[in-house]
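Undergrad: Here you go, this is target.tsv (TSV, C-alpha atoms and all ligand atoms).
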```tsv
chain	number	residue	atom	x	y	z
A	11	MET	CA	-46.17	34.61	-164.54
A	12	LYS	CA	-46.62	31.88	-167.20
A	13	ARG	CA	-44.26	29.72	-165.14
A	14	LYS	CA	-46.38	30.11	-162.00
A	15	ILE	CA	-49.61	29.42	-163.91
A	16	LEU	CA	-48.06	26.28	-165.40
A	17	GLN	CA	-46.96	25.18	-161.96
A	18	MET	CA	-50.48	25.58	-160.58
A	19	LEU	CA	-52.03	23.78	-163.55
A	20	HIS	CA	-49.54	20.89	-163.28
A	21	GLN	CA	-50.16	20.68	-159.54
A	22	ALA	CA	-53.92	20.38	-160.13
A	23	GLY	CA	-53.32	17.55	-162.63
A	24	THR	CA	-55.39	16.77	-165.69
A	25	GLU	CA	-58.63	16.14	-163.78
A	26	GLU	CA	-58.91	19.27	-161.63
A	27	TYR	CA	-59.70	22.87	-162.56
A	28	VAL	CA	-57.87	25.90	-161.20
A	29	SER	CA	-60.21	28.84	-160.91
A	30	GLY	CA	-59.41	32.13	-162.62
A	31	GLN	CA	-60.04	33.83	-159.29
A	32	GLU	CA	-57.40	31.69	-157.54
A	33	LEU	CA	-54.86	32.39	-160.27
A	34	CYS	CA	-55.51	36.14	-160.06
A	35	GLU	CA	-55.22	36.15	-156.27
A	36	LYS	CA	-52.07	34.02	-156.06
A	37	LEU	CA	-50.32	35.98	-158.79
A	38	GLY	CA	-51.72	39.39	-157.90
A	39	VAL	CA	-52.78	40.15	-161.49
A	40	SER	CA	-56.00	40.81	-163.41
A	41	ARG	CA	-58.18	38.19	-165.10
A	42	THR	CA	-57.18	39.63	-168.48
A	43	ALA	CA	-53.49	39.14	-167.66
A	44	VAL	CA	-54.18	35.51	-166.70
A	45	TRP	CA	-56.20	34.98	-169.88
A	46	LYS	CA	-53.35	36.39	-172.00
A	47	SER	CA	-50.82	34.03	-170.40
A	48	ILE	CA	-53.17	31.10	-170.98
A	49	GLN	CA	-53.38	32.06	-174.68
A	50	GLN	CA	-49.57	32.14	-174.89
A	51	LEU	CA	-49.37	28.70	-173.31
A	52	LYS	CA	-51.90	27.38	-175.82
A	53	GLU	CA	-49.83	28.83	-178.65
A	54	ALA	CA	-46.81	26.96	-177.26
A	55	GLY	CA	-48.75	23.68	-177.56
A	56	TYR	CA	-50.43	23.30	-174.16
A	57	VAL	CA	-54.01	22.08	-174.40
A	58	ILE	CA	-55.95	23.99	-171.75
A	59	GLU	CA	-59.69	23.79	-171.30
A	60	ALA	CA	-61.48	26.89	-169.99
A	61	VAL	CA	-64.92	26.35	-168.44
A	62	GLN	CA	-67.05	29.16	-167.04
A	63	ASN	CA	-67.41	29.10	-163.25
A	64	ARG	CA	-64.84	26.31	-162.93
A	65	GLY	CA	-61.64	27.72	-164.39
A	66	TYR	CA	-58.79	26.24	-166.34
A	67	ARG	CA	-57.74	22.60	-166.72
A	68	LEU	CA	-54.49	21.40	-168.27
A	69	MET	CA	-55.44	18.55	-170.59
A	70	SER	CA	-52.02	17.92	-172.10
A	71	ALA	CA	-48.60	19.52	-172.24
A	72	PRO	CA	-46.13	19.33	-175.11
A	73	ASP	CA	-42.84	17.62	-174.33
A	74	ILE	CA	-40.77	20.77	-174.42
A	75	LEU	CA	-37.82	21.37	-172.16
A	76	SER	CA	-38.37	25.09	-171.66
A	77	GLU	CA	-37.12	26.68	-168.46
A	78	GLY	CA	-40.74	27.43	-167.51
A	79	GLU	CA	-41.81	23.82	-168.02
A	80	MET	CA	-38.89	22.49	-165.99
A	81	ALA	CA	-39.39	25.00	-163.18
A	82	SER	CA	-43.07	24.10	-163.01
A	83	TRP	CA	-42.15	20.48	-162.17
A	84	ILE	CA	-39.05	20.84	-159.99
A	85	ARG	CA	-39.91	20.41	-156.28
A	86	THR	CA	-36.50	20.04	-154.66
A	87	LYS	CA	-35.10	21.83	-151.63
A	88	TRP	CA	-31.89	23.03	-153.29
A	89	LEU	CA	-31.01	20.88	-156.31
A	90	GLY	CA	-31.74	22.26	-159.78
A	91	HIS	CA	-32.95	25.65	-158.62
A	92	ASP	CA	-30.49	27.13	-161.11
A	93	VAL	CA	-31.21	25.51	-164.49
A	94	ARG	CA	-29.08	26.42	-167.52
A	95	TYR	CA	-31.01	25.29	-170.58
A	96	PHE	CA	-29.65	25.09	-174.13
A	97	THR	CA	-31.53	24.04	-177.25
A	98	GLU	CA	-28.14	22.96	-178.54
A	99	ILE	CA	-24.73	22.63	-176.89
A	100	ASP	CA	-21.52	20.63	-177.36
A	101	SER	CA	-21.96	18.63	-174.14
A	102	THR	CA	-23.80	19.37	-170.91
A	103	ASN	CA	-20.86	17.90	-168.96
A	104	THR	CA	-18.42	20.23	-170.73
A	105	GLU	CA	-20.68	23.23	-170.09
A	106	ALA	CA	-21.07	22.31	-166.41
A	107	LYS	CA	-17.28	22.13	-166.11
A	108	ARG	CA	-16.93	25.54	-167.79
A	109	ILE	CA	-19.40	26.99	-165.27
A	110	ALA	CA	-17.59	25.27	-162.39
A	111	GLU	CA	-14.35	26.88	-163.40
A	112	GLU	CA	-15.92	30.34	-163.61
A	113	THR	CA	-17.48	30.13	-160.14
A	114	GLN	CA	-15.81	30.53	-156.77
A	115	GLY	CA	-15.98	28.23	-153.73
A	116	ARG	CA	-19.27	26.36	-153.42
A	117	GLU	CA	-21.05	28.71	-155.80
A	118	GLY	CA	-22.79	26.67	-158.52
A	119	ASN	CA	-23.29	23.63	-156.29
A	120	GLY	CA	-26.56	21.97	-157.35
A	121	LEU	CA	-26.83	23.82	-160.64
A	122	ILE	CA	-27.96	21.76	-163.59
A	123	VAL	CA	-27.25	22.04	-167.30
A	124	VAL	CA	-29.90	20.66	-169.65
A	125	ALA	CA	-29.87	20.45	-173.43
A	126	ASP	CA	-32.37	19.39	-176.04
A	127	MET	CA	-29.49	18.37	-178.28
A	128	GLN	CA	-25.73	17.81	-177.90
A	129	THR	CA	-23.32	18.17	-180.81
A	130	SER	CA	-20.47	16.35	-178.97
A	131	GLY	CA	-22.26	14.25	-176.37
A	132	LYS	CA	-19.64	12.26	-174.49
A	133	GLY	CA	-19.82	8.67	-173.32
A	134	ARG	CA	-17.40	6.69	-171.19
A	135	ARG	CA	-13.95	5.70	-172.45
A	136	GLY	CA	-13.83	8.40	-175.13
A	137	ARG	CA	-16.99	7.17	-176.85
A	138	SER	CA	-19.66	9.57	-178.12
A	139	TRP	CA	-23.29	9.73	-176.95
A	140	SER	CA	-25.91	10.08	-179.65
A	141	SER	CA	-27.98	13.16	-178.73
A	142	PRO	CA	-30.39	14.27	-181.50
A	143	HIS	CA	-33.03	17.01	-181.01
A	144	GLY	CA	-36.21	16.24	-179.10
A	145	THR	CA	-35.35	12.60	-178.42
A	146	GLY	CA	-33.61	12.27	-175.10
A	147	LEU	CA	-33.02	13.83	-171.73
A	148	PHE	CA	-29.45	15.07	-171.55
A	149	PHE	CA	-28.46	16.79	-168.33
A	150	THR	CA	-25.62	17.30	-165.91
A	151	ILE	CA	-25.60	18.07	-162.20
A	152	LEU	CA	-22.76	20.24	-160.91
A	153	LEU	CA	-21.64	19.39	-157.38
A	154	LYS	CA	-18.99	20.93	-155.15
A	155	PRO	CA	-19.05	18.64	-152.12
A	156	ASP	CA	-16.63	18.66	-149.25
A	157	ILE	CA	-15.66	14.98	-149.61
A	158	ASP	CA	-12.57	12.87	-150.01
A	159	PRO	CA	-11.93	12.56	-153.79
A	160	ALA	CA	-11.56	8.79	-153.31
A	161	ASN	CA	-15.29	8.64	-152.44
A	162	ALA	CA	-16.48	10.45	-155.57
A	163	PRO	CA	-16.96	7.39	-157.86
A	164	MET	CA	-19.87	6.30	-155.62
A	165	LEU	CA	-21.83	9.30	-156.92
A	166	THR	CA	-22.34	7.47	-160.21
A	167	LEU	CA	-24.10	4.72	-158.26
A	168	VAL	CA	-26.18	7.27	-156.33
A	169	LYS	CA	-27.20	8.73	-159.67
A	170	ALA	CA	-28.08	5.34	-161.20
A	171	LEU	CA	-30.29	4.56	-158.20
A	172	SER	CA	-32.03	7.93	-158.52
A	173	VAL	CA	-32.59	7.52	-162.25
A	174	VAL	CA	-34.13	4.07	-161.83
A	175	LYS	CA	-36.46	5.36	-159.11
A	176	GLY	CA	-37.39	8.44	-161.16
A	177	ILE	CA	-38.20	6.40	-164.26
A	178	MET	CA	-40.27	3.96	-162.18
A	179	GLU	CA	-42.27	6.81	-160.67
A	180	VAL	CA	-43.06	8.55	-163.95
A	181	THR	CA	-43.55	5.56	-166.30
A	182	ASN	CA	-44.33	2.54	-164.09
A	183	LEU	CA	-41.71	0.67	-166.10
A	184	GLU	CA	-39.22	-1.45	-164.16
A	185	PRO	CA	-35.69	-0.51	-165.19
A	186	ARG	CA	-32.67	-1.98	-163.43
A	187	ILE	CA	-29.14	-0.77	-162.70
A	188	LYS	CA	-26.31	-2.31	-164.67
A	189	TRP	CA	-23.30	-1.65	-162.48
A	190	PRO	CA	-21.84	0.91	-162.41
A	191	ASN	CA	-22.90	3.40	-165.10
A	192	ASP	CA	-25.92	2.10	-166.98
A	193	VAL	CA	-29.62	1.60	-166.53
A	194	VAL	CA	-31.27	-1.15	-168.56
A	195	LEU	CA	-34.74	-2.27	-169.49
A	196	ASN	CA	-35.42	-5.75	-170.84
A	197	GLY	CA	-31.71	-6.35	-171.27
A	198	LYS	CA	-31.06	-3.18	-173.29
A	199	LYS	CA	-29.43	0.08	-172.32
A	200	ILE	CA	-31.71	3.03	-171.69
A	201	VAL	CA	-29.44	5.35	-169.69
A	202	GLY	CA	-25.73	6.14	-169.54
A	203	ILE	CA	-24.02	8.11	-166.77
A	204	LEU	CA	-20.70	9.92	-167.07
A	205	THR	CA	-19.15	11.33	-163.89
A	206	GLU	CA	-16.12	13.60	-164.18
A	207	MET	CA	-14.14	15.22	-161.40
A	208	SER	CA	-11.62	18.00	-160.93
A	209	ALA	CA	-9.70	17.45	-157.71
A	210	GLN	CA	-6.45	17.82	-155.83
A	211	VAL	CA	-5.07	14.90	-153.81
A	212	ASP	CA	-7.31	15.65	-150.84
A	213	TYR	CA	-9.75	18.26	-152.13
A	214	VAL	CA	-12.60	18.14	-154.62
A	215	ASN	CA	-12.87	21.24	-156.81
A	216	HIS	CA	-16.01	20.02	-158.55
A	217	ILE	CA	-17.80	16.94	-159.82
A	218	VAL	CA	-20.14	16.82	-162.80
A	219	VAL	CA	-22.59	13.94	-163.08
A	220	GLY	CA	-23.99	13.72	-166.61
A	221	THR	CA	-26.92	11.55	-167.61
A	222	GLY	CA	-28.29	10.65	-171.01
A	223	ILE	CA	-31.71	8.98	-171.12
A	224	ASN	CA	-33.21	7.52	-174.28
A	225	VAL	CA	-36.80	8.75	-174.20
A	226	HIS	CA	-38.44	9.17	-177.61
A	227	GLN	CA	-36.01	7.40	-179.96
A	228	THR	CA	-37.62	4.90	-182.29
A	229	GLU	CA	-34.31	3.81	-183.83
A	230	PHE	CA	-30.60	4.00	-183.01
A	231	PRO	CA	-27.28	4.28	-184.87
A	232	GLU	CA	-26.19	0.87	-186.20
A	233	GLU	CA	-23.38	0.37	-183.68
A	234	ILE	CA	-25.76	0.48	-180.71
A	235	ALA	CA	-28.98	-0.72	-182.36
A	236	LYS	CA	-28.74	-4.19	-180.76
A	237	THR	CA	-28.03	-3.02	-177.21
A	238	ALA	CA	-30.04	0.23	-176.89
A	239	THR	CA	-33.70	0.93	-176.29
A	240	SER	CA	-35.86	3.93	-175.34
A	241	LEU	CA	-38.68	4.54	-172.89
A	242	ASP	CA	-41.13	5.04	-175.78
A	243	ILE	CA	-40.14	1.70	-177.37
A	244	GLU	CA	-40.56	-0.12	-174.07
A	245	LEU	CA	-43.89	1.57	-173.27
A	246	LYS	CA	-45.17	0.66	-176.72
A	247	LYS	CA	-44.13	-2.99	-176.24
A	248	GLN	CA	-46.32	-3.04	-173.13
A	249	GLY	CA	-49.21	-1.39	-174.97
A	250	LYS	CA	-49.02	1.70	-172.73
A	251	GLU	CA	-50.12	5.06	-174.15
A	252	LEU	CA	-48.12	7.39	-171.87
A	253	GLN	CA	-46.69	10.59	-173.42
A	254	ILE	CA	-43.55	11.16	-171.40
A	255	SER	CA	-42.74	14.69	-170.33
A	256	ARG	CA	-38.96	15.01	-170.12
A	257	ALA	CA	-39.35	17.94	-167.73
A	258	GLN	CA	-41.44	15.80	-165.39
A	259	LEU	CA	-38.94	12.95	-165.63
A	260	LEU	CA	-36.06	15.32	-164.92
A	261	ALA	CA	-37.85	16.71	-161.85
A	262	ALA	CA	-38.59	13.22	-160.51
A	263	ILE	CA	-34.94	12.21	-160.87
A	264	LEU	CA	-33.66	15.40	-159.25
A	265	LYS	CA	-35.96	14.85	-156.28
A	266	LYS	CA	-34.64	11.29	-155.84
A	267	PHE	CA	-31.03	12.35	-156.32
A	268	GLU	CA	-31.33	15.11	-153.72
A	269	HIS	CA	-32.65	12.53	-151.25
A	270	TYR	CA	-30.04	9.82	-151.88
A	271	TYR	CA	-27.18	12.31	-152.20
A	272	GLU	CA	-27.92	13.77	-148.76
A	273	ILE	CA	-27.87	10.24	-147.31
A	274	TYR	CA	-24.57	9.51	-149.10
A	275	LEU	CA	-23.01	12.74	-147.77
A	276	GLN	CA	-23.65	11.75	-144.17
A	277	THR	CA	-21.30	8.75	-144.37
A	278	GLN	CA	-19.51	9.39	-147.68
A	279	ASP	CA	-20.31	5.82	-148.63
A	280	LEU	CA	-23.30	3.68	-149.59
A	281	SER	CA	-23.76	1.91	-146.26
A	282	VAL	CA	-27.38	3.10	-145.92
A	283	LEU	CA	-28.18	2.55	-149.61
A	284	THR	CA	-26.52	-0.81	-150.32
A	285	GLU	CA	-29.63	-2.95	-149.83
A	286	GLU	CA	-31.90	-0.72	-151.87
A	287	TYR	CA	-29.27	-0.55	-154.62
A	288	ASN	CA	-28.74	-4.31	-154.73
A	289	ARG	CA	-32.49	-4.93	-155.02
A	290	LEU	CA	-32.44	-2.95	-158.26
A	291	LEU	CA	-29.16	-4.35	-159.58
A	292	VAL	CA	-29.62	-6.40	-162.73
A	293	ASN	CA	-26.24	-8.08	-162.24
A	294	CYS	CA	-27.18	-9.53	-158.83
A	295	GLY	CA	-26.76	-13.29	-158.91
A	296	GLN	CA	-25.78	-13.18	-162.60
A	297	LYS	CA	-22.76	-14.78	-164.23
A	298	VAL	CA	-20.56	-11.92	-165.40
A	299	ARG	CA	-17.35	-11.37	-167.29
A	300	VAL	CA	-15.18	-8.68	-165.72
A	301	LEU	CA	-13.27	-6.77	-168.39
A	302	ASP	CA	-10.23	-5.89	-166.30
A	303	PRO	CA	-7.30	-4.40	-168.26
A	304	LEU	CA	-5.03	-6.63	-166.15
A	305	GLY	CA	-6.87	-9.76	-167.27
A	306	GLU	CA	-10.51	-10.72	-167.86
A	307	PHE	CA	-12.22	-13.16	-165.54
A	308	GLU	CA	-15.66	-14.64	-164.92
A	309	GLY	CA	-17.70	-15.18	-161.82
A	310	GLN	CA	-21.05	-14.64	-160.19
A	311	ALA	CA	-21.92	-11.06	-159.19
A	312	LEU	CA	-23.20	-10.96	-155.60
A	313	GLY	CA	-23.99	-7.24	-155.37
A	314	ILE	CA	-22.16	-4.13	-154.23
A	315	ASP	CA	-20.51	-3.51	-150.90
A	316	THR	CA	-20.79	-0.31	-148.87
A	317	ARG	CA	-18.16	1.41	-151.05
A	318	GLY	CA	-19.99	0.56	-154.27
A	319	GLU	CA	-17.52	-2.10	-155.34
A	320	LEU	CA	-19.00	-5.09	-157.11
A	321	VAL	CA	-18.40	-8.33	-155.27
A	322	VAL	CA	-17.80	-11.19	-157.70
A	323	GLU	CA	-17.53	-14.79	-156.54
A	324	THR	CA	-14.86	-16.53	-158.62
A	325	GLU	CA	-13.20	-19.97	-158.48
A	326	LYS	CA	-10.49	-18.36	-156.38
A	327	GLY	CA	-12.91	-16.72	-153.95
A	328	ALA	CA	-14.65	-13.35	-153.73
A	329	VAL	CA	-13.09	-10.49	-155.66
A	330	LYS	CA	-14.04	-6.83	-155.25
A	331	VAL	CA	-14.17	-4.88	-158.48
A	332	SER	CA	-13.98	-1.09	-158.38
A	333	SER	CA	-15.87	0.93	-160.94
A	334	GLY	CA	-13.07	3.12	-162.23
A	335	GLU	CA	-11.02	0.34	-163.74
A	336	VAL	CA	-13.32	-2.16	-165.37
A	337	SER	CA	-16.54	-2.94	-167.22
A	338	VAL	CA	-18.79	-5.88	-166.59
A	339	ARG	CA	-20.71	-7.87	-169.20
A	340	GLY	CA	-23.16	-10.71	-168.89
A	341	ILE	CA	-21.47	-13.84	-170.19
A	342	TYR	CA	-24.24	-14.29	-172.78
A	343	GLY	CA	-24.41	-10.66	-173.92
A	344	TYR	CA	-24.57	-7.06	-172.77
A	345	VAL	CA	-26.40	-7.72	-169.49
B	401	LIG	C1	-22.00	6.16	-171.22
B	401	LIG	O1	-22.85	5.28	-171.10
B	401	LIG	O2	-20.98	5.95	-171.90
B	401	LIG	C2	-22.20	7.48	-170.55
B	401	LIG	C3	-23.05	8.39	-171.38
B	401	LIG	C4	-23.33	9.74	-170.72
B	401	LIG	C5	-24.09	10.67	-171.62
B	401	LIG	C6	-24.52	11.92	-170.94
B	401	LIG	S1	-25.63	12.89	-171.91
B	401	LIG	C7	-25.49	14.22	-170.81
B	401	LIG	C8	-24.05	14.29	-170.39
B	401	LIG	N1	-23.30	15.08	-171.34
B	401	LIG	C9	-22.40	14.34	-172.02
B	401	LIG	O3	-21.64	14.79	-172.89
B	401	LIG	N2	-22.45	13.09	-171.60
B	401	LIG	C10	-23.41	12.90	-170.54
```
Write the structure described by the file as structure tokens, please.
TA:
Amino acid sequence: MKRKILQMLHQAGTEEYVSGQELCEKLGVSRTAVWKSIQQLKEAGYVIEAVQNRGYRLMSAPDILSEGEMASWIRTKWLGHDVRYFTEIDSTNTEAKRIAEETQGREGNGLIVVADMQTSGKGRRGRSWSSPHGTGLFFTILLKPDIDPANAPMLTLVKALSVVKGIMEVTNLEPRIKWPNDVVLNGKKIVGILTEMSAQVDYVNHIVVGTGINVHQTEFPEEIAKTATSLDIELKKQGKELQISRAQLLAAILKKFEHYYEIYLQTQDLSVLTEEYNRLLVNCGQKVRVLDPLGEFEGQALGIDTRGELVVETEKGAVKVSSGEVSVRGIYGYV
């Protein structure tokens, strides 16, 4: 019941009241039962004003990632209807893979694993992902699509696009995609994406798309201090007061991902999304250094093609770079 009340209060926003009568009718419970739930929400840190003859108004919500708080924001058709939340876990990607292996067929498709803290958060190329309590949004989407495994790497790009759009919607900040796995703000990394797949030659068993977003951090471990930033740091720089709700941010990103993923599934490529993606690509038009294990080279990034490969104009002509093999750096620094 608390979950439903929260949902109605969030829906009304911070300006509107929801009448006690309406809550009782929608939930089919007594006024006393509603009042008790409101008290419990207040104890959990929600600031709720109660005014006679008007009802209840949610003035502020604590940034907690409870299942109730997440469910009250999520408005998708199918994605994230099953949320597995952990206050602490080794890695949301690892947990999503464990779940995938325990489930049959398409069961578990669209499930998400969320954690407040990860003890072994994983980054790309065997690196770790700093994941302290209460600071970031760490979550993984489990997918079991019927696609050619060769098309799976594009899901990282679909995710990056969704994350940028979700952050823009909730914060009004203007992050950009750094191909293929990162999202940046003012030249610093704010999001990392790690996609892992279990597949046979022509059949995908499952794909997990994990995302780590720096939200409330005010400082970072020394090794990433120069290249990382958080949403709070960037909001503060702009003199904005916003208190970010990670549950709201999660819900916004899920909604975007559901939309873009369905478009991707129709063609199993990015043909419909290329333009939108390239508009948000920080590398577009930039001089880049391609860190290819077979030999580094420089050129000008022109954008992605319909398969999500980065097209780089070099002295020898246009080269297509695929995301699995290489990283890209700006020639003057990280971006
Ligand atoms: C990178 O930039 O190297 C990718 C970082 C991905 C981190 C996220 S946090 C949630 C999910 N669980 C993990 O263990 N890793 C991903």
Undergrad: Between CA of Asp192 in chain A and CA of Ile263 in chain A, what is the distance in Å, rounded to a tenth?
TA: 14.9 Å
Undergrad: Using all atoms listed in the file, which residues sit within 9 Å of range 268-273 of chain A once same-chain residues fewer than 3 positions away are excluded, as an mmCIF file with C-alpha atoms, in the coordinates of the input?
TA:
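The resulting file, part_3.cif, is reproduced below:
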```
data_model
loop_
_atom_site.group_PDB
_atom_site.id
_atom_site.type_symbol
_atom_site.label_atom_id
_atom_site.label_comp_id
_atom_site.auth_asym_id
_atom_site.auth_seq_id
_atom_site.Cartn_x
_atom_site.Cartn_y
_atom_site.Cartn_z
ATOM 1 C CA THR A 86 -36.500 20.040 -154.660
ATOM 2 C CA LYS A 87 -35.100 21.830 -151.630
ATOM 3 C CA TRP A 88 -31.890 23.030 -153.290
ATOM 4 C CA LEU A 89 -31.010 20.880 -156.310
ATOM 5 C CA LEU A 165 -21.830 9.300 -156.920
ATOM 6 C CA VAL A 168 -26.180 7.270 -156.330
ATOM 7 C CA LYS A 169 -27.200 8.730 -159.670
ATOM 8 C CA LEU A 171 -30.290 4.560 -158.200
ATOM 9 C CA SER A 172 -32.030 7.930 -158.520
ATOM 10 C CA ILE A 263 -34.940 12.210 -160.870
ATOM 11 C CA LEU A 264 -33.660 15.400 -159.250
ATOM 12 C CA LYS A 265 -35.960 14.850 -156.280
ATOM 13 C CA GLN A 276 -23.650 11.750 -144.170
ATOM 14 C CA THR A 277 -21.300 8.750 -144.370
ATOM 15 C CA GLN A 278 -19.510 9.390 -147.680
ATOM 16 C CA ASP A 279 -20.310 5.820 -148.630
ATOM 17 C CA LEU A 280 -23.300 3.680 -149.590
ATOM 18 C CA VAL A 282 -27.380 3.100 -145.920
ATOM 19 C CA LEU A 283 -28.180 2.550 -149.610
#
```
Undergrad: Suppose you want the space between CA of Asn182 in chain A and CA of Arg85 in chain A; what is it in Å?
TA: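 Spanning CA of Asn182 in chain A to CA of Arg85 in chain A is a straight-line distance of 20.0 Å.
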Undergrad: Got a sec: who's within 12 Å of range 46-54 of chain A, counting all atoms listed in the file, leaving out chain neighbours fewer than 4 positions off, as a PyMOL selection string?
TA: chain A and resi 11-16+19+30+33-34+37+39-42+58-60+65-76+78-79
Undergrad: With C-alpha atoms retained, export the selected residues as a PDB file, keeping the file's coordinate frame.
TA:
```pdb
ATOM      1  CA  MET A  11     -46.170  34.610-164.540  1.00  0.00           C
ATOM      2  CA  LYS A  12     -46.620  31.880-167.200  1.00  0.00           C
ATOM      3  CA  ARG A  13     -44.260  29.720-165.140  1.00  0.00           C
ATOM      4  CA  LYS A  14     -46.380  30.110-162.000  1.00  0.00           C
ATOM      5  CA  ILE A  15     -49.610  29.420-163.910  1.00  0.00           C
ATOM      6  CA  LEU A  16     -48.060  26.280-165.400  1.00  0.00           C
ATOM      7  CA  LEU A  19     -52.030  23.780-163.550  1.00  0.00           C
ATOM      8  CA  GLY A  30     -59.410  32.130-162.620  1.00  0.00           C
ATOM      9  CA  LEU A  33     -54.860  32.390-160.270  1.00  0.00           C
ATOM     10  CA  CYS A  34     -55.510  36.140-160.060  1.00  0.00           C
ATOM     11  CA  LEU A  37     -50.320  35.980-158.790  1.00  0.00           C
ATOM     12  CA  VAL A  39     -52.780  40.150-161.490  1.00  0.00           C
ATOM     13  CA  SER A  40     -56.000  40.810-163.410  1.00  0.00           C
ATOM     14  CA  ARG A  41     -58.180  38.190-165.100  1.00  0.00           C
ATOM     15  CA  THR A  42     -57.180  39.630-168.480  1.00  0.00           C
ATOM     16  CA  ILE A  58     -55.950  23.990-171.750  1.00  0.00           C
ATOM     17  CA  GLU A  59     -59.690  23.790-171.300  1.00  0.00           C
ATOM     18  CA  ALA A  60     -61.480  26.890-169.990  1.00  0.00           C
ATOM     19  CA  GLY A  65     -61.640  27.720-164.390  1.00  0.00           C
ATOM     20  CA  TYR A  66     -58.790  26.240-166.340  1.00  0.00           C
ATOM     21  CA  ARG A  67     -57.740  22.600-166.720  1.00  0.00           C
ATOM     22  CA  LEU A  68     -54.490  21.400-168.270  1.00  0.00           C
ATOM     23  CA  MET A  69     -55.440  18.550-170.590  1.00  0.00           C
ATOM     24  CA  SER A  70     -52.020  17.920-172.100  1.00  0.00           C
ATOM     25  CA  ALA A  71     -48.600  19.520-172.240  1.00  0.00           C
ATOM     26  CA  PRO A  72     -46.130  19.330-175.110  1.00  0.00           C
ATOM     27  CA  ASP A  73     -42.840  17.620-174.330  1.00  0.00           C
ATOM     28  CA  ILE A  74     -40.770  20.770-174.420  1.00  0.00           C
ATOM     29  CA  LEU A  75     -37.820  21.370-172.160  1.00  0.00           C
ATOM     30  CA  SER A  76     -38.370  25.090-171.660  1.00  0.00           C
ATOM     31  CA  GLY A  78     -40.740  27.430-167.510  1.00  0.00           C
ATOM     32  CA  GLU A  79     -41.810  23.820-168.020  1.00  0.00           C
TER      33      GLU A  79
END
```
Undergrad: Please return as a CSV table (one decimal) with C-alpha atoms, keeping the file's coordinate frame the residues found within 10 Å of ligand LIG 401 (chain B), counting only C-alpha atoms and all ligand atoms.
TA:
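That gives us pocket-v4.csv:
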```csv
chain,number,residue,atom,x,y,z
A,99,ILE,CA,-24.7,22.6,-176.9
A,100,ASP,CA,-21.5,20.6,-177.4
A,101,SER,CA,-22.0,18.6,-174.1
A,102,THR,CA,-23.8,19.4,-170.9
A,103,ASN,CA,-20.9,17.9,-169.0
A,104,THR,CA,-18.4,20.2,-170.7
A,105,GLU,CA,-20.7,23.2,-170.1
A,106,ALA,CA,-21.1,22.3,-166.4
A,123,VAL,CA,-27.2,22.0,-167.3
A,124,VAL,CA,-29.9,20.7,-169.6
A,125,ALA,CA,-29.9,20.4,-173.4
A,127,MET,CA,-29.5,18.4,-178.3
A,128,GLN,CA,-25.7,17.8,-177.9
A,129,THR,CA,-23.3,18.2,-180.8
A,130,SER,CA,-20.5,16.4,-179.0
A,131,GLY,CA,-22.3,14.2,-176.4
A,132,LYS,CA,-19.6,12.3,-174.5
A,133,GLY,CA,-19.8,8.7,-173.3
A,134,ARG,CA,-17.4,6.7,-171.2
A,135,ARG,CA,-14.0,5.7,-172.4
A,136,GLY,CA,-13.8,8.4,-175.1
A,137,ARG,CA,-17.0,7.2,-176.8
A,138,SER,CA,-19.7,9.6,-178.1
A,139,TRP,CA,-23.3,9.7,-177.0
A,140,SER,CA,-25.9,10.1,-179.6
A,141,SER,CA,-28.0,13.2,-178.7
A,146,GLY,CA,-33.6,12.3,-175.1
A,147,LEU,CA,-33.0,13.8,-171.7
A,148,PHE,CA,-29.4,15.1,-171.6
A,149,PHE,CA,-28.5,16.8,-168.3
A,150,THR,CA,-25.6,17.3,-165.9
A,151,ILE,CA,-25.6,18.1,-162.2
A,190,PRO,CA,-21.8,0.9,-162.4
A,191,ASN,CA,-22.9,3.4,-165.1
A,192,ASP,CA,-25.9,2.1,-167.0
A,193,VAL,CA,-29.6,1.6,-166.5
A,199,LYS,CA,-29.4,0.1,-172.3
A,200,ILE,CA,-31.7,3.0,-171.7
A,201,VAL,CA,-29.4,5.4,-169.7
A,202,GLY,CA,-25.7,6.1,-169.5
A,203,ILE,CA,-24.0,8.1,-166.8
A,204,LEU,CA,-20.7,9.9,-167.1
A,205,THR,CA,-19.2,11.3,-163.9
A,206,GLU,CA,-16.1,13.6,-164.2
A,218,VAL,CA,-20.1,16.8,-162.8
A,219,VAL,CA,-22.6,13.9,-163.1
A,220,GLY,CA,-24.0,13.7,-166.6
A,221,THR,CA,-26.9,11.6,-167.6
A,222,GLY,CA,-28.3,10.6,-171.0
A,223,ILE,CA,-31.7,9.0,-171.1
A,224,ASN,CA,-33.2,7.5,-174.3
```
Undergrad: Out of A:Ala22, A:Leu290, A:Ile234, A:Val225, which residue has the shortest atom-to-atom distance to Asp126 in chain A when counting all atoms listed in the file?
TA: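 Answer, going by the shortest atom-to-atom distance: A:Val225.
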Undergrad: Using Å and a single decimal, report how far CA of Ile187 in chain A sits from CA of Asn288 in chain A.
TA: 8.7 Å
